[in-house]
Amino acid sequence: MMMTATAETIQMTLPCRSGYVGVVRLTASGIASRLGFSIEDIEDIKVAVSEACTNAIQYAYRDPADGRIEVDFACYSDRLEISIRDFGQGFDVAATKQTKQAADDWAPDDSEKLGMGLGLTFIEQLMDVSKVDSIPGKGTTVVMVKRLSVD
Amino acid sequence: MVLPFGVETVQEGGAPILRVCGEVDVHTAPQLKEALAQMAAESGYGFVVSLAGVSYVDSTGLGTIAQLARSAGKMDQRIFLVATSPHVLKVLEVSGITQKNVVVCASESEAVQQLVGQRA
């Protein structure tokens, strides 16, 4: 990722509960709108952010009540960079990507893995850059970038 | 303004319709799942799911619909999805759900027509 200029950052820490995903989405939408993203780009960002939070809520913690999610929005003049971090059990990124391919025929036996695979597909498809780092026992960080298109 | 999630069941021209509105995400998808399961149990040939009032949907909503499509397919039921907003259409496209036994229609009347036509 490019390291140009300084970013203005907004940070959120939230309980690992489904009811808060809408709050992150609203925040993301507000920040993206302020940076001048198009309505279509804002929708993409909302979905990508929600997918990362959803994965954390559904898979990161054995007991989600103890969990938290950290979201950082770094605003640059030419892009928005978002990091979503949990401190849960982590997962095998490569294996999930394989399941994602299998998910194309919509007939996997494990619907949970399908959900996660589909979520990662959305993040990849809707953002310009995305990266998932997961360390077993330590947690998962998803970093995603949406560039401002210059018209 | 965020529209609250809700579902309602109506009958139109002999077709059962589930109208979904608001945001479908990890928080509300379980309610959608329940409503869809009830529709599937009560409808013989198939039914219409209208997403025309949906302001937001992601993989959790799509996964729920995909699961439904899978079990409906086994029972020879057909699902007619109504999608109108660019956001919902894009999410449907990225998910690839449109390729399976789910028919995407541009309006509720088109969906009803197709369902009733195919049933006849």
# chains A, B, ... in the order shown; residues from 1 in each chain; ligands from 1
>>> residues_around(residues="segment 84-97 of chain B", least_positions_apart="4", cutoff="9 Å", atoms="only C-alpha atoms", output="PyMOL selection string")
(chain A and resi 40+43-44+47+104-106+118+121-122+125-126) or (chain B and resi 51-59+62-63+65-66+101-102+105-107)
>>> interface_residues(of="chain A", to="chain B", cutoff="6 Å", atoms="only C-alpha atoms", output="JSON, numbers by chain")
{"A": [18, 19, 47, 119]}
>>> write_last_selection(atoms="N, CA, C and O atoms", output="compact mmCIF listing (two decimals), in the first residue's frame")
# COMPACT_ATOMS: atom_id res chain seq x y z
N SER A 18 -23.94 -8.44 16.73
CA SER A 18 -24.51 -8.17 15.40
C SER A 18 -25.20 -6.80 15.31
O SER A 18 -25.16 -6.16 14.27
N GLY A 19 -25.80 -6.37 16.41
CA GLY A 19 -26.53 -5.11 16.39
C GLY A 19 -25.66 -3.90 16.11
O GLY A 19 -26.18 -2.83 15.77
N VAL A 47 -20.77 -2.51 2.28
CA VAL A 47 -20.84 -3.98 2.25
C VAL A 47 -19.52 -4.58 2.74
O VAL A 47 -19.52 -5.47 3.59
N GLY A 119 -18.42 -13.72 2.07
CA GLY A 119 -18.05 -12.42 2.64
C GLY A 119 -16.71 -11.95 2.11
O GLY A 119 -16.55 -10.79 1.73
>>> select_by_dssp(residues="segment 2-125 of chain A", states="strand (DSSP E or B)", output="compact mmCIF listing (two decimals) with N, CA, C and O atoms, in the first residue's frame")
# COMPACT_ATOMS: atom_id res chain seq x y z
N GLU A 8 -5.84 11.26 8.21
CA GLU A 8 -6.65 11.60 9.38
C GLU A 8 -7.37 10.32 9.75
O GLU A 8 -7.98 9.68 8.89
N THR A 9 -7.27 9.93 11.00
CA THR A 9 -7.87 8.63 11.34
C THR A 9 -9.03 8.76 12.32
O THR A 9 -9.07 9.65 13.16
N ILE A 10 -9.95 7.84 12.14
CA ILE A 10 -11.10 7.72 13.03
C ILE A 10 -11.09 6.29 13.55
O ILE A 10 -10.97 5.35 12.76
N GLN A 11 -11.18 6.13 14.85
CA GLN A 11 -11.11 4.79 15.41
C GLN A 11 -12.36 4.46 16.20
O GLN A 11 -12.90 5.32 16.90
N MET A 12 -12.78 3.22 16.07
CA MET A 12 -13.94 2.74 16.83
C MET A 12 -13.59 1.42 17.49
O MET A 12 -12.92 0.60 16.88
N THR A 13 -14.07 1.22 18.69
CA THR A 13 -13.98 -0.10 19.30
C THR A 13 -15.39 -0.50 19.67
O THR A 13 -16.10 0.28 20.31
N LEU A 14 -15.81 -1.68 19.24
CA LEU A 14 -17.18 -2.05 19.53
C LEU A 14 -17.31 -3.47 20.05
O LEU A 14 -16.45 -4.31 19.78
N PRO A 15 -18.38 -3.73 20.78
CA PRO A 15 -18.62 -5.08 21.25
C PRO A 15 -18.88 -5.99 20.04
O PRO A 15 -19.42 -5.53 19.03
N ARG A 68 -14.19 -8.08 21.17
CA ARG A 68 -14.35 -6.71 20.69
C ARG A 68 -13.78 -6.63 19.28
O ARG A 68 -12.96 -7.45 18.86
N ILE A 69 -14.23 -5.63 18.57
CA ILE A 69 -13.77 -5.38 17.20
C ILE A 69 -13.23 -3.96 17.17
O ILE A 69 -13.86 -3.05 17.71
N GLU A 70 -12.07 -3.79 16.56
CA GLU A 70 -11.52 -2.45 16.38
C GLU A 70 -11.57 -2.08 14.91
O GLU A 70 -11.17 -2.86 14.05
N VAL A 71 -12.08 -0.91 14.64
CA VAL A 71 -12.16 -0.44 13.26
C VAL A 71 -11.42 0.89 13.14
O VAL A 71 -11.66 1.81 13.92
N ASP A 72 -10.46 0.95 12.21
CA ASP A 72 -9.73 2.19 11.95
C ASP A 72 -10.06 2.67 10.54
O ASP A 72 -9.95 1.91 9.59
N PHE A 73 -10.43 3.91 10.44
CA PHE A 73 -10.63 4.52 9.12
C PHE A 73 -9.49 5.51 8.93
O PHE A 73 -9.37 6.46 9.72
N ALA A 74 -8.66 5.32 7.92
CA ALA A 74 -7.59 6.27 7.62
C ALA A 74 -7.97 7.01 6.34
O ALA A 74 -8.08 6.41 5.28
N CYS A 75 -8.18 8.30 6.49
CA CYS A 75 -8.64 9.11 5.35
C CYS A 75 -7.46 9.81 4.69
O CYS A 75 -6.78 10.62 5.33
N ARG A 79 -7.72 8.27 -1.10
CA ARG A 79 -8.27 6.95 -0.79
C ARG A 79 -8.73 6.85 0.66
O ARG A 79 -8.35 7.68 1.50
N LEU A 80 -9.52 5.83 0.90
CA LEU A 80 -9.94 5.50 2.26
C LEU A 80 -9.42 4.11 2.58
O LEU A 80 -9.63 3.16 1.80
N GLU A 81 -8.70 4.02 3.69
CA GLU A 81 -8.13 2.74 4.08
C GLU A 81 -8.79 2.31 5.38
O GLU A 81 -8.81 3.08 6.34
N ILE A 82 -9.33 1.12 5.40
CA ILE A 82 -10.08 0.66 6.58
C ILE A 82 -9.47 -0.63 7.11
O ILE A 82 -9.23 -1.57 6.34
N SER A 83 -9.18 -0.65 8.41
CA SER A 83 -8.68 -1.89 9.04
C SER A 83 -9.71 -2.36 10.05
O SER A 83 -10.21 -1.57 10.86
N ILE A 84 -10.02 -3.65 10.00
CA ILE A 84 -10.97 -4.23 10.94
C ILE A 84 -10.27 -5.40 11.63
O ILE A 84 -9.79 -6.32 10.98
N ARG A 85 -10.18 -5.30 12.95
CA ARG A 85 -9.36 -6.23 13.70
C ARG A 85 -10.16 -6.90 14.82
O ARG A 85 -10.94 -6.25 15.50
N ASP A 86 -9.95 -8.23 14.95
CA ASP A 86 -10.49 -8.89 16.13
C ASP A 86 -9.36 -9.62 16.83
O ASP A 86 -8.25 -9.71 16.30
>>> atom_distance(atom1="atom CA of Val104 of chain B", atom2="atom CA of Ile39 of chain A")
23.2 Å
>>> select_by_dssp(residues="chain B", states="alpha helix (DSSP H)", output="number ranges by chain")
B: 29-42, 59-74, 86-95, 108-119
>>> atom_distance(atom1="atom CA of Asp76 of chain B", atom2="atom CA of Ala37 of chain B")
14.8 Å
>>> residues_around(residues="Gln114 of chain B", least_positions_apart="5", cutoff="10 Å", atoms="only C-alpha atoms", output="ChimeraX atom specification")
/B:15,48,80,103,105,108-109,119-120
>>> closest_residue(among="A:Pro64, A:Glu51, A:Asp133, A:Asp128", to="Ala94 of chain A", atoms="only C-alpha atoms")
A:Asp133
>>> atom_distance(atom1="atom CA of Val21 of chain A", atom2="atom CA of Cys53 of chain A")
6.5 Å
>>> residues_around(residues="Val93 of chain A", least_positions_apart="2", cutoff="9 Å", atoms="only C-alpha atoms", output="list in words")
Gly90, Phe91, Ala95, Thr96, Lys97, Gln98, Val132, Asp133 and Ser134 of chain A
>>> closest_residue(among="A:Thr6, A:Leu120, A:Tyr76, A:Gly137", to="Arg34 of chain A", atoms="only C-alpha atoms")
A:Tyr76
